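K.L.:
After the structure tokens below, expect a handful of questions from me.
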Amino acid sequence: MTEGKTDIKSLTLEELKAQMTERGEKPFRAKQVYEWLHVKLADSFDSMTNLSGKLRQELSRDYELVCLQKVDVRISKTDGTRKYLFGLGDGNVIESVLMKYKHGNSVCISSQVGCRMGCRFCASTLEGLERNLLPSEMLDQVYWIQKDTGERVSNVVVMGSGEPLDNYDNLVRFIRMLCDENGLNMSQRNITVSTCGIVPGIERLGEEGLAVTLALSLHAPSDEVRRNLMPVANRYGLREVLAACRMYFKKTGRRLTFEYSLVKGVNDNLREAKALAELIKDEQAHVNLIPVNPIKERDYVQSDGRTIEEFKHYLEKRGINVTIRREMGRDIGGACGQLRKSFLEKEKEG
Ligand code: SAH
């Protein structure tokens, strides 16, 4: 961000109205500007043709218009998945993914540059946290992709790099703006926020009056195994995390998703399936099994197909709703954070 300039794309319509009024403009001007930013997805003040030249000039003097730059895009030949690498104003890069489903286009966005949660199998966290993303930078991932495809984005999953509940205020502002009827007017039900299990964040989100879906990265049925994979489990035990999830369901009525990345020999045993079934048998939830995507910095291996099927079958037998995450864009490679990582490595090599 340029110093002294306000990030106009992160302002709500109400805030924009107040600022326009302050400069002696009519409130409807704010609505026009908001529409340029969040419906017509304008990338410059100059293109806002129903504003006077003077106002456009003043806006570009006082405000920064955050727009991502495309650094790279890879398009899958098999399923149309697109992986985008976007450049930010400060030179950082982030990843977003477009997945095409029969029910519509879904975009997976990043919420931070890097991550400080330290999950053992995840590439996004290897270099730690660089910084939080602004609401405008989260919105623009969706806007950019909608413009690029010319098709409406119907679902957003906050499952890219970063821990969304570690960037709480910006996340909530992003959700409200994405669902604003004066903007893209997305349905809250079509937004999923995935967390590693930050208990105060889950509780706060439950009180927020939103109706987004919550996904919990569970990955193990016991604190012991979970601590091996996720340092955050040292801070919040499973009992506490699941109590927060239950409260989230009570407050929002939204059924949860438990994500469970299967790592060979670590959490994919039938013993673990049994413990998992026992742990969540009373929860209103659905389990999403993710065959772990190996990263070269760690020696974790993906469970074999048969083990995954057996794991799934066991849970189903116990009446639990399970899906195996279909690997999208296999031919263009890379799990969360890996595209960015390989880009940074190439840059370093020059
Ligand atoms: N910080 C959020 C979002 C992370 S990414 C969270 O922890 O939920 C979304 C999901 O992908 C999480 O469940 C995460 O644990 C999982 N994940 C990350 N790297 C992975 C990998 N290499 N293989 C399989 N799943 C992975």
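Chain labels follow the order of the structure tokens: the first chain is A, the next B, and so on; residue numbering restarts at 1 in every chain, and ligands are counted from 1 in their shown order.
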How would you report the residues lying within 7 Å of ligand 1, as a list in words, if you count only C-alpha atoms and all ligand atoms?
P.N.:
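Residues lying within 7 Å of ligand 1: Cys119, Phe121, Cys122, Ala123, Val158, Met159, Gly160, Ser161, Gly162, Glu163, Pro164, Ser194, Thr195, Cys196, Ala215, Leu216, Ser217, Glu259, Tyr260, Ser261, Ile290, Pro291, Val292, Asn293, Pro294, Ile295, Ala335 and Cys336 of chain A.
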K.L.:
Write out, as a CSV table (one decimal), in the first residue's frame, the residues just selected, with C-alpha atoms.
P.N.:
chain,number,residue,atom,x,y,z
A,119,CYS,CA,1.3,-28.0,9.8
A,121,PHE,CA,2.7,-31.6,5.5
A,122,CYS,CA,1.8,-28.2,4.2
A,123,ALA,CA,4.0,-26.2,1.8
A,158,VAL,CA,-11.0,-20.0,1.9
A,159,MET,CA,-8.7,-23.0,1.7
A,160,GLY,CA,-5.6,-21.6,0.0
A,161,SER,CA,-2.5,-20.5,1.8
A,162,GLY,CA,-2.9,-19.0,5.3
A,163,GLU,CA,-5.0,-19.5,8.3
A,164,PRO,CA,-8.1,-17.4,7.8
A,194,SER,CA,-11.3,-23.8,6.6
A,195,THR,CA,-9.4,-23.6,9.9
A,196,CYS,CA,-6.7,-25.6,11.6
A,215,ALA,CA,-14.4,-26.7,7.7
A,216,LEU,CA,-12.2,-28.0,10.4
A,217,SER,CA,-8.8,-29.5,9.6
A,259,GLU,CA,-11.0,-32.4,6.6
A,260,TYR,CA,-8.8,-35.4,7.1
A,261,SER,CA,-5.6,-35.6,5.0
A,290,ILE,CA,-7.8,-35.8,1.3
A,291,PRO,CA,-5.0,-38.1,0.1
A,292,VAL,CA,-2.0,-36.1,1.3
A,293,ASN,CA,-0.1,-34.3,-1.4
A,294,PRO,CA,3.5,-35.0,-0.7
A,295,ILE,CA,5.9,-32.0,-0.6
A,335,ALA,CA,-1.0,-28.6,-3.7
A,336,CYS,CA,-1.6,-25.5,-1.6
K.L.:
Write out as a ChimeraX atom specification each polymer residue whose atoms come within 9 Å of range 47-57 of chain A, counting only C-alpha atoms; drop sequence neighbours fewer than 5 positions from it.
P.N.:
/A:29,32-33,36,42,62
K.L.:
Please produce a file of those selected residues containing C-alpha atoms, as a PDB file, in the first residue's frame.
P.N.:
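Writing the result to result_5.pdb gives the following:
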ATOM      1  CA  ARG A  29     -21.693   8.897  -5.945  1.00  0.00           C
ATOM      2  CA  GLN A  32     -21.619   4.490  -8.273  1.00  0.00           C
ATOM      3  CA  VAL A  33     -18.013   4.054  -7.178  1.00  0.00           C
ATOM      4  CA  TRP A  36     -17.515   0.204 -10.401  1.00  0.00           C
ATOM      5  CA  ALA A  42     -13.034  -1.835 -12.699  1.00  0.00           C
ATOM      6  CA  ASP A  62      -6.319  10.018  -2.285  1.00  0.00           C
TER       7      ASP A  62
END
K.L.:
Name all residues at most 10 Å from Leu289 in chain A (count only C-alpha atoms; drop same-chain ones fewer than 2 positions away) and give them as an mmCIF file with N, CA and C atoms, in the first residue's frame.
P.N.:
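Contents of part-v3.cif, freshly written:
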data_model
loop_
_atom_site.group_PDB
_atom_site.id
_atom_site.type_symbol
_atom_site.label_atom_id
_atom_site.label_comp_id
_atom_site.auth_asym_id
_atom_site.auth_seq_id
_atom_site.Cartn_x
_atom_site.Cartn_y
_atom_site.Cartn_z
ATOM 1 N N HIS A 219 -7.679 -34.096 10.765
ATOM 2 C CA HIS A 219 -6.471 -34.867 10.411
ATOM 3 C C HIS A 219 -6.043 -35.971 11.371
ATOM 4 N N PHE A 258 -15.345 -31.966 8.254
ATOM 5 C CA PHE A 258 -14.056 -32.304 8.853
ATOM 6 C C PHE A 258 -13.127 -32.743 7.729
ATOM 7 N N GLU A 259 -12.000 -32.040 7.613
ATOM 8 C CA GLU A 259 -11.018 -32.450 6.614
ATOM 9 C C GLU A 259 -10.032 -33.405 7.275
ATOM 10 N N TYR A 260 -9.699 -34.423 6.533
ATOM 11 C CA TYR A 260 -8.801 -35.440 7.093
ATOM 12 C C TYR A 260 -7.826 -35.844 5.988
ATOM 13 N N SER A 261 -6.607 -35.302 6.041
ATOM 14 C CA SER A 261 -5.595 -35.632 5.034
ATOM 15 C C SER A 261 -4.936 -36.939 5.436
ATOM 16 N N LEU A 262 -5.014 -37.918 4.558
ATOM 17 C CA LEU A 262 -4.498 -39.250 4.890
ATOM 18 C C LEU A 262 -3.016 -39.365 4.566
ATOM 19 N N HIS A 286 -19.663 -33.855 8.058
ATOM 20 C CA HIS A 286 -19.364 -34.631 6.889
ATOM 21 C C HIS A 286 -17.845 -34.701 6.823
ATOM 22 N N VAL A 287 -17.297 -35.857 6.480
ATOM 23 C CA VAL A 287 -15.842 -35.996 6.455
ATOM 24 C C VAL A 287 -15.333 -35.949 5.016
ATOM 25 N N PRO A 291 -6.281 -37.399 0.183
ATOM 26 C CA PRO A 291 -5.004 -38.119 0.100
ATOM 27 C C PRO A 291 -3.874 -37.089 0.154
ATOM 28 N N VAL A 292 -2.971 -37.201 1.120
ATOM 29 C CA VAL A 292 -1.977 -36.137 1.302
ATOM 30 C C VAL A 292 -1.167 -35.939 0.031
ATOM 31 N N ILE A 308 -7.198 -46.029 1.537
ATOM 32 C CA ILE A 308 -8.145 -44.900 1.538
ATOM 33 C C ILE A 308 -9.579 -45.419 1.423
ATOM 34 N N GLU A 309 -9.798 -46.358 0.512
ATOM 35 C CA GLU A 309 -11.134 -46.943 0.338
ATOM 36 C C GLU A 309 -11.605 -47.634 1.618
ATOM 37 N N PHE A 311 -10.655 -47.043 4.678
ATOM 38 C CA PHE A 311 -10.893 -46.000 5.686
ATOM 39 C C PHE A 311 -12.293 -45.420 5.481
ATOM 40 N N LYS A 312 -12.569 -45.111 4.228
ATOM 41 C CA LYS A 312 -13.856 -44.514 3.873
ATOM 42 C C LYS A 312 -14.994 -45.489 4.198
ATOM 43 N N VAL A 322 -19.130 -39.507 4.096
ATOM 44 C CA VAL A 322 -17.724 -39.324 3.708
ATOM 45 C C VAL A 322 -17.572 -39.098 2.207
ATOM 46 N N THR A 323 -16.664 -38.216 1.854
ATOM 47 C CA THR A 323 -16.265 -38.116 0.444
ATOM 48 C C THR A 323 -14.739 -38.135 0.390
ATOM 49 N N ILE A 324 -14.219 -38.559 -0.744
ATOM 50 C CA ILE A 324 -12.781 -38.468 -0.964
ATOM 51 C C ILE A 324 -12.580 -37.283 -1.891
ATOM 52 N N ARG A 325 -11.703 -36.365 -1.505
ATOM 53 C CA ARG A 325 -11.528 -35.188 -2.358
ATOM 54 C C ARG A 325 -10.892 -35.594 -3.688
ATOM 55 N N ARG A 326 -11.650 -35.255 -4.736
ATOM 56 C CA ARG A 326 -11.161 -35.524 -6.080
ATOM 57 C C ARG A 326 -9.986 -34.584 -6.322
#
K.L.:
Could you give me, as a list in words, the residues within 10 Å of Lys5 in chain A, counting only C-alpha atoms and dropping anything in the same chain fewer than 4 positions from it?
P.N.:
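Those residues are Met1, Leu59, Ser60, Arg61, Asp62, Tyr63, Glu64 and Leu65 of chain A.
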K.L.:
Extract the full set of strand (DSSP E or B) residues from range 74-252 of chain A according to DSSP on the backbone, and format it as a compact mmCIF listing (two decimals) with all heavy atoms, in the first residue's frame.
P.N.:
# COMPACT_ATOMS: atom_id res chain seq x y z
N ARG A 74 -1.84 -21.61 -14.89
CA ARG A 74 -1.73 -22.93 -15.52
C ARG A 74 -3.14 -23.50 -15.65
O ARG A 74 -3.90 -23.51 -14.69
CB ARG A 74 -0.91 -23.88 -14.66
CG ARG A 74 0.52 -23.41 -14.52
CD ARG A 74 1.28 -24.46 -13.77
NE ARG A 74 2.58 -23.93 -13.39
CZ ARG A 74 3.44 -24.57 -12.62
NH1 ARG A 74 3.12 -25.77 -12.15
NH2 ARG A 74 4.60 -24.05 -12.32
N ILE A 75 -3.45 -23.98 -16.85
CA ILE A 75 -4.79 -24.50 -17.09
C ILE A 75 -4.72 -26.00 -17.34
O ILE A 75 -3.97 -26.46 -18.19
CB ILE A 75 -5.44 -23.77 -18.29
CG1 ILE A 75 -5.41 -22.26 -18.04
CG2 ILE A 75 -6.85 -24.28 -18.53
CD1 ILE A 75 -5.98 -21.42 -19.17
N ARG A 82 -7.83 -24.12 -13.08
CA ARG A 82 -6.79 -23.12 -13.36
C ARG A 82 -6.10 -22.74 -12.06
O ARG A 82 -6.78 -22.42 -11.08
CB ARG A 82 -7.40 -21.85 -13.95
CG ARG A 82 -8.06 -22.07 -15.27
CD ARG A 82 -8.51 -20.75 -15.85
NE ARG A 82 -9.34 -21.01 -17.03
CZ ARG A 82 -9.82 -20.09 -17.84
NH1 ARG A 82 -9.55 -18.81 -17.60
NH2 ARG A 82 -10.56 -20.41 -18.87
N LYS A 83 -4.79 -22.74 -12.07
CA LYS A 83 -4.05 -22.28 -10.91
C LYS A 83 -3.39 -20.95 -11.26
O LYS A 83 -2.65 -20.85 -12.23
CB LYS A 83 -3.00 -23.32 -10.50
CG LYS A 83 -3.67 -24.61 -10.08
CD LYS A 83 -2.78 -25.57 -9.36
CE LYS A 83 -3.63 -26.77 -8.92
NZ LYS A 83 -2.88 -27.84 -8.31
N TYR A 84 -3.70 -19.96 -10.46
CA TYR A 84 -3.20 -18.61 -10.71
C TYR A 84 -2.13 -18.24 -9.70
O TYR A 84 -2.25 -18.57 -8.51
CB TYR A 84 -4.32 -17.59 -10.54
CG TYR A 84 -5.42 -17.68 -11.57
CD1 TYR A 84 -6.48 -18.55 -11.37
CD2 TYR A 84 -5.41 -16.88 -12.71
CE1 TYR A 84 -7.52 -18.62 -12.30
CE2 TYR A 84 -6.44 -16.96 -13.64
CZ TYR A 84 -7.49 -17.83 -13.43
OH TYR A 84 -8.50 -17.90 -14.34
N LEU A 85 -1.11 -17.56 -10.19
CA LEU A 85 -0.12 -16.97 -9.30
C LEU A 85 -0.28 -15.46 -9.49
O LEU A 85 -0.13 -14.95 -10.60
CB LEU A 85 1.26 -17.44 -9.73
CG LEU A 85 2.40 -17.32 -8.74
CD1 LEU A 85 2.11 -18.12 -7.48
CD2 LEU A 85 3.70 -17.83 -9.37
N PHE A 86 -0.63 -14.75 -8.40
CA PHE A 86 -0.87 -13.32 -8.49
C PHE A 86 0.21 -12.53 -7.75
O PHE A 86 0.65 -12.94 -6.68
CB PHE A 86 -2.22 -12.96 -7.85
CG PHE A 86 -3.41 -13.43 -8.62
CD1 PHE A 86 -4.34 -14.27 -8.03
CD2 PHE A 86 -3.63 -13.00 -9.93
CE1 PHE A 86 -5.47 -14.70 -8.73
CE2 PHE A 86 -4.75 -13.42 -10.64
CZ PHE A 86 -5.67 -14.27 -10.04
N GLY A 87 0.58 -11.39 -8.32
CA GLY A 87 1.52 -10.50 -7.67
C GLY A 87 0.78 -9.42 -6.89
O GLY A 87 -0.24 -8.90 -7.34
N VAL A 93 3.88 -12.75 -3.75
CA VAL A 93 2.99 -13.49 -4.65
C VAL A 93 2.10 -14.44 -3.85
O VAL A 93 2.49 -14.92 -2.79
CB VAL A 93 3.77 -14.31 -5.72
CG1 VAL A 93 4.42 -13.41 -6.74
CG2 VAL A 93 4.78 -15.25 -5.08
N ILE A 94 0.89 -14.66 -4.37
CA ILE A 94 -0.06 -15.58 -3.73
C ILE A 94 -0.69 -16.47 -4.80
O ILE A 94 -0.61 -16.18 -5.99
CB ILE A 94 -1.19 -14.83 -3.00
CG1 ILE A 94 -1.88 -13.83 -3.95
CG2 ILE A 94 -0.67 -14.13 -1.76
CD1 ILE A 94 -3.18 -13.27 -3.41
N GLU A 95 -1.32 -17.53 -4.35
CA GLU A 95 -1.97 -18.48 -5.25
C GLU A 95 -3.47 -18.50 -5.07
O GLU A 95 -3.96 -18.38 -3.95
CB GLU A 95 -1.54 -19.91 -4.88
CG GLU A 95 -0.23 -20.32 -5.41
CD GLU A 95 0.14 -21.72 -4.89
OE1 GLU A 95 -0.71 -22.63 -4.96
OE2 GLU A 95 1.27 -21.86 -4.42
N SER A 96 -4.19 -18.71 -6.17
CA SER A 96 -5.62 -18.98 -6.10
C SER A 96 -5.92 -20.06 -7.13
O SER A 96 -5.19 -20.20 -8.11
CB SER A 96 -6.45 -17.74 -6.47
OG SER A 96 -5.83 -16.56 -6.00
N VAL A 97 -7.00 -20.79 -6.90
CA VAL A 97 -7.33 -21.89 -7.82
C VAL A 97 -8.79 -21.78 -8.23
O VAL A 97 -9.66 -21.53 -7.39
CB VAL A 97 -7.10 -23.26 -7.15
CG1 VAL A 97 -7.34 -24.40 -8.14
CG2 VAL A 97 -5.69 -23.36 -6.56
N LEU A 98 -9.05 -21.99 -9.53
CA LEU A 98 -10.43 -22.08 -10.01
C LEU A 98 -10.74 -23.53 -10.30
O LEU A 98 -9.98 -24.20 -11.01
CB LEU A 98 -10.58 -21.27 -11.31
CG LEU A 98 -11.83 -21.61 -12.12
CD1 LEU A 98 -13.08 -21.00 -11.51
CD2 LEU A 98 -11.69 -21.16 -13.56
N MET A 99 -11.84 -24.03 -9.73
CA MET A 99 -12.25 -25.40 -10.02
C MET A 99 -13.63 -25.37 -10.66
O MET A 99 -14.53 -24.70 -10.16
CB MET A 99 -12.29 -26.22 -8.72
CG MET A 99 -10.90 -26.45 -8.14
SD MET A 99 -10.94 -26.82 -6.38
CE MET A 99 -11.41 -25.26 -5.68
N LYS A 100 -13.74 -26.09 -11.77
CA LYS A 100 -15.03 -26.08 -12.48
C LYS A 100 -15.80 -27.33 -12.13
O LYS A 100 -15.34 -28.44 -12.33
CB LYS A 100 -14.78 -26.04 -13.98
CG LYS A 100 -14.24 -24.70 -14.43
CD LYS A 100 -14.04 -24.67 -15.94
CE LYS A 100 -13.99 -23.24 -16.41
NZ LYS A 100 -15.12 -22.84 -17.19
N TYR A 101 -16.97 -27.14 -11.56
CA TYR A 101 -17.84 -28.27 -11.22
C TYR A 101 -19.13 -28.12 -12.00
O TYR A 101 -19.44 -27.05 -12.53
CB TYR A 101 -18.18 -28.24 -9.72
CG TYR A 101 -17.00 -28.46 -8.80
CD1 TYR A 101 -16.47 -27.40 -8.07
CD2 TYR A 101 -16.43 -29.72 -8.65
CE1 TYR A 101 -15.40 -27.59 -7.20
CE2 TYR A 101 -15.36 -29.92 -7.79
CZ TYR A 101 -14.85 -28.86 -7.07
OH TYR A 101 -13.80 -29.06 -6.21
N GLY A 104 -21.21 -25.33 -10.73
CA GLY A 104 -20.73 -23.95 -10.87
C GLY A 104 -19.24 -23.83 -10.67
O GLY A 104 -18.55 -24.83 -10.43
N ASN A 105 -18.76 -22.60 -10.76
CA ASN A 105 -17.32 -22.36 -10.61
C ASN A 105 -16.99 -22.04 -9.16
O ASN A 105 -17.62 -21.20 -8.53
CB ASN A 105 -16.89 -21.18 -11.48
CG ASN A 105 -16.88 -21.57 -12.95
OD1 ASN A 105 -17.10 -22.73 -13.32
ND2 ASN A 105 -16.62 -20.60 -13.81
N SER A 106 -15.96 -22.71 -8.66
CA SER A 106 -15.56 -22.53 -7.28
C SER A 106 -14.13 -21.97 -7.26
O SER A 106 -13.28 -22.44 -8.00
CB SER A 106 -15.62 -23.90 -6.59
OG SER A 106 -15.28 -23.77 -5.25
N VAL A 107 -13.90 -20.97 -6.42
CA VAL A 107 -12.56 -20.38 -6.34
C VAL A 107 -12.00 -20.61 -4.94
O VAL A 107 -12.66 -20.36 -3.94
CB VAL A 107 -12.61 -18.87 -6.67
CG1 VAL A 107 -11.28 -18.20 -6.32
CG2 VAL A 107 -12.90 -18.66 -8.15
N CYS A 108 -10.77 -21.11 -4.90
CA CYS A 108 -10.08 -21.32 -3.64
C CYS A 108 -9.10 -20.15 -3.46
O CYS A 108 -8.22 -19.95 -4.30
CB CYS A 108 -9.33 -22.65 -3.70
SG CYS A 108 -8.29 -22.94 -2.26
N GLN A 112 -3.58 -15.36 3.62
CA GLN A 112 -2.34 -14.74 4.12
C GLN A 112 -1.22 -15.02 3.11
O GLN A 112 -1.34 -15.93 2.30
CB GLN A 112 -1.93 -15.37 5.46
CG GLN A 112 -2.90 -15.10 6.60
CD GLN A 112 -2.47 -15.77 7.90
OE1 GLN A 112 -2.06 -16.93 7.92
NE2 GLN A 112 -2.58 -15.03 9.00
N VAL A 113 -0.16 -14.23 3.18
CA VAL A 113 1.06 -14.57 2.44
C VAL A 113 1.87 -15.44 3.39
O VAL A 113 2.32 -14.99 4.43
CB VAL A 113 1.88 -13.32 2.07
CG1 VAL A 113 3.10 -13.73 1.23
CG2 VAL A 113 1.03 -12.30 1.33
N GLY A 114 1.99 -16.73 3.04
CA GLY A 114 2.61 -17.67 3.96
C GLY A 114 1.65 -18.00 5.09
O GLY A 114 0.45 -17.69 5.01
N LEU A 129 5.00 -16.93 8.30
CA LEU A 129 4.03 -15.92 7.85
C LEU A 129 4.76 -14.68 7.35
O LEU A 129 5.65 -14.16 8.02
CB LEU A 129 3.09 -15.54 9.00
CG LEU A 129 2.11 -14.41 8.72
CD1 LEU A 129 1.06 -14.84 7.68
CD2 LEU A 129 1.40 -13.96 9.99
N GLU A 130 4.37 -14.21 6.18
CA GLU A 130 4.92 -12.96 5.65
C GLU A 130 4.02 -11.80 6.08
O GLU A 130 4.45 -10.88 6.74
CB GLU A 130 5.01 -13.09 4.13
CG GLU A 130 5.63 -11.94 3.39
CD GLU A 130 7.11 -11.73 3.69
OE1 GLU A 130 7.81 -12.73 3.92
OE2 GLU A 130 7.53 -10.56 3.68
N ARG A 131 2.73 -11.90 5.73
CA ARG A 131 1.78 -10.90 6.22
C ARG A 131 0.34 -11.33 5.94
O ARG A 131 0.10 -12.26 5.17
CB ARG A 131 2.04 -9.53 5.58
CG ARG A 131 1.71 -9.45 4.10
CD ARG A 131 1.75 -7.98 3.66
NE ARG A 131 1.61 -7.78 2.22
CZ ARG A 131 0.45 -7.67 1.59
NH1 ARG A 131 -0.69 -7.78 2.26
NH2 ARG A 131 0.41 -7.44 0.29
N ASN A 132 -0.59 -10.64 6.57
CA ASN A 132 -2.01 -10.87 6.31
C ASN A 132 -2.41 -10.28 4.97
O ASN A 132 -1.85 -9.27 4.55
CB ASN A 132 -2.86 -10.19 7.38
CG ASN A 132 -2.87 -10.96 8.68
OD1 ASN A 132 -2.78 -12.18 8.68
ND2 ASN A 132 -3.00 -10.24 9.78
N VAL A 153 -18.55 -16.59 -10.52
CA VAL A 153 -18.02 -17.48 -9.48
C VAL A 153 -19.16 -17.76 -8.51
O VAL A 153 -19.75 -16.84 -7.96
CB VAL A 153 -16.84 -16.80 -8.73
CG1 VAL A 153 -16.41 -17.64 -7.53
CG2 VAL A 153 -15.66 -16.57 -9.67
N SER A 154 -19.50 -19.04 -8.32
CA SER A 154 -20.65 -19.32 -7.46
C SER A 154 -20.25 -19.75 -6.05
O SER A 154 -21.03 -19.63 -5.12
CB SER A 154 -21.56 -20.37 -8.10
OG SER A 154 -20.84 -21.55 -8.35
N ASN A 155 -19.04 -20.28 -5.91
CA ASN A 155 -18.59 -20.72 -4.58
C ASN A 155 -17.19 -20.20 -4.29
O ASN A 155 -16.36 -20.14 -5.19
CB ASN A 155 -18.51 -22.25 -4.52
CG ASN A 155 -19.87 -22.89 -4.54
OD1 ASN A 155 -20.57 -22.84 -5.55
ND2 ASN A 155 -20.26 -23.46 -3.43
N VAL A 156 -16.96 -19.86 -3.03
CA VAL A 156 -15.61 -19.47 -2.62
C VAL A 156 -15.20 -20.32 -1.43
O VAL A 156 -15.96 -20.46 -0.47
CB VAL A 156 -15.55 -17.97 -2.26
CG1 VAL A 156 -14.24 -17.62 -1.57
CG2 VAL A 156 -15.70 -17.12 -3.53
N VAL A 157 -14.03 -20.92 -1.50
CA VAL A 157 -13.52 -21.65 -0.35
C VAL A 157 -12.23 -20.96 0.11
O VAL A 157 -11.33 -20.71 -0.67
CB VAL A 157 -13.29 -23.16 -0.65
CG1 VAL A 157 -14.61 -23.85 -0.93
CG2 VAL A 157 -12.35 -23.39 -1.80
N VAL A 158 -12.19 -20.61 1.39
CA VAL A 158 -10.99 -19.99 1.93
C VAL A 158 -10.11 -21.13 2.44
O VAL A 158 -10.09 -21.46 3.62
CB VAL A 158 -11.32 -18.97 3.04
CG1 VAL A 158 -10.07 -18.17 3.41
CG2 VAL A 158 -12.43 -18.03 2.59
N ILE A 191 -20.01 -20.03 0.76
CA ILE A 191 -18.64 -19.71 1.18
C ILE A 191 -18.23 -20.70 2.28
O ILE A 191 -19.00 -20.97 3.20
CB ILE A 191 -18.57 -18.27 1.73
CG1 ILE A 191 -18.92 -17.28 0.61
CG2 ILE A 191 -17.18 -17.97 2.30
CD1 ILE A 191 -18.97 -15.85 1.04
N THR A 192 -17.04 -21.25 2.15
CA THR A 192 -16.51 -22.15 3.17
C THR A 192 -15.21 -21.61 3.71
O THR A 192 -14.33 -21.20 2.94
CB THR A 192 -16.27 -23.56 2.59
OG1 THR A 192 -17.51 -24.09 2.12
CG2 THR A 192 -15.70 -24.51 3.64
N VAL A 193 -15.10 -21.57 5.04
CA VAL A 193 -13.86 -21.14 5.69
C VAL A 193 -13.23 -22.36 6.36
O VAL A 193 -13.88 -23.04 7.15
CB VAL A 193 -14.16 -20.05 6.75
CG1 VAL A 193 -12.91 -19.72 7.56
CG2 VAL A 193 -14.72 -18.80 6.09
N SER A 194 -11.98 -22.61 6.02
CA SER A 194 -11.29 -23.79 6.58
C SER A 194 -10.28 -23.34 7.63
O SER A 194 -9.46 -22.46 7.38
CB SER A 194 -10.58 -24.52 5.44
OG SER A 194 -9.87 -25.62 5.94
N THR A 195 -10.34 -23.96 8.80
CA THR A 195 -9.42 -23.58 9.87
C THR A 195 -8.70 -24.79 10.45
O THR A 195 -9.24 -25.90 10.47
CB THR A 195 -10.16 -22.84 11.01
OG1 THR A 195 -9.21 -22.56 12.06
CG2 THR A 195 -11.29 -23.68 11.60
N THR A 213 -20.11 -21.83 5.75
CA THR A 213 -19.77 -23.19 6.18
C THR A 213 -18.38 -23.20 6.79
O THR A 213 -17.47 -22.55 6.28
CB THR A 213 -19.80 -24.15 4.97
OG1 THR A 213 -21.10 -24.11 4.40
CG2 THR A 213 -19.48 -25.58 5.38
N LEU A 214 -18.25 -23.95 7.88
CA LEU A 214 -16.95 -24.06 8.52
C LEU A 214 -16.38 -25.45 8.25
O LEU A 214 -17.07 -26.45 8.35
CB LEU A 214 -17.11 -23.86 10.03
CG LEU A 214 -15.82 -23.77 10.82
CD1 LEU A 214 -15.07 -22.48 10.51
CD2 LEU A 214 -16.11 -23.86 12.32
N ALA A 215 -15.12 -25.47 7.84
CA ALA A 215 -14.42 -26.75 7.68
C ALA A 215 -13.31 -26.78 8.71
O ALA A 215 -12.57 -25.81 8.88
CB ALA A 215 -13.85 -26.85 6.27
N LEU A 216 -13.21 -27.89 9.42
CA LEU A 216 -12.15 -28.03 10.42
C LEU A 216 -11.12 -29.04 9.91
O LEU A 216 -11.47 -30.15 9.53
CB LEU A 216 -12.73 -28.53 11.75
CG LEU A 216 -11.65 -28.85 12.79
CD1 LEU A 216 -11.05 -27.58 13.37
CD2 LEU A 216 -12.18 -29.76 13.88
N SER A 217 -9.86 -28.61 9.93
CA SER A 217 -8.79 -29.54 9.58
C SER A 217 -8.54 -30.43 10.79
O SER A 217 -7.86 -30.02 11.72
CB SER A 217 -7.53 -28.75 9.20
OG SER A 217 -7.81 -27.99 8.05
K.L.:
So that I can check the surroundings of Gly128 in chain A, please list as a ChimeraX atom specification every protein, DNA and RNA residue that reaches within 8 Å of it, counting only C-alpha atoms and ignoring chain neighbours fewer than 6 positions away.
P.N.:
/A:114-118
K.L.:
Can you spit out the residues from that selection as a short mmCIF file (atom, residue, chain, number, x, y, z; two decimals), in the first residue's frame, using N, CA, C and O atoms?
P.N.:
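The resulting file, result-v3.cif, is shown below:
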data_model
loop_
_atom_site.label_atom_id
_atom_site.label_comp_id
_atom_site.auth_asym_id
_atom_site.auth_seq_id
_atom_site.Cartn_x
_atom_site.Cartn_y
_atom_site.Cartn_z
N GLY A 114 1.99 -16.73 3.04
CA GLY A 114 2.61 -17.67 3.96
C GLY A 114 1.65 -18.00 5.09
O GLY A 114 0.45 -17.69 5.01
N CYS A 115 2.17 -18.60 6.15
CA CYS A 115 1.31 -19.04 7.27
C CYS A 115 2.21 -19.33 8.46
O CYS A 115 3.35 -19.75 8.29
N ARG A 116 1.67 -19.13 9.68
CA ARG A 116 2.54 -19.40 10.83
C ARG A 116 2.06 -20.60 11.65
O ARG A 116 2.47 -20.79 12.77
N MET A 117 1.16 -21.40 11.06
CA MET A 117 0.59 -22.51 11.83
C MET A 117 1.49 -23.75 11.86
O MET A 117 1.37 -24.58 12.75
N GLY A 118 2.34 -23.88 10.86
CA GLY A 118 3.36 -24.93 10.92
C GLY A 118 2.91 -26.36 10.69
O GLY A 118 3.64 -27.29 11.07
#
K.L.:
Considering only C-alpha atoms, return as a PyMOL selection string whatever protein or nucleic-acid residues lie within 9 Å of range 241-243 of chain A, sequence-local ones (same chain, fewer than 6 positions apart) excluded.
P.N.:
chain A and resi 197-199+202+216+280+283
K.L.:
If we count only C-alpha atoms, what is near range 23-28 of chain A at a cut-off of 10 Å, once residues fewer than 5 positions away on the same chain are taken out, given as a list in words?
P.N.:
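The contact residues come out as Leu13, Glu14, Leu16, Lys17, Ala18, Val33, Tyr34, Leu55 and Glu58 of chain A.
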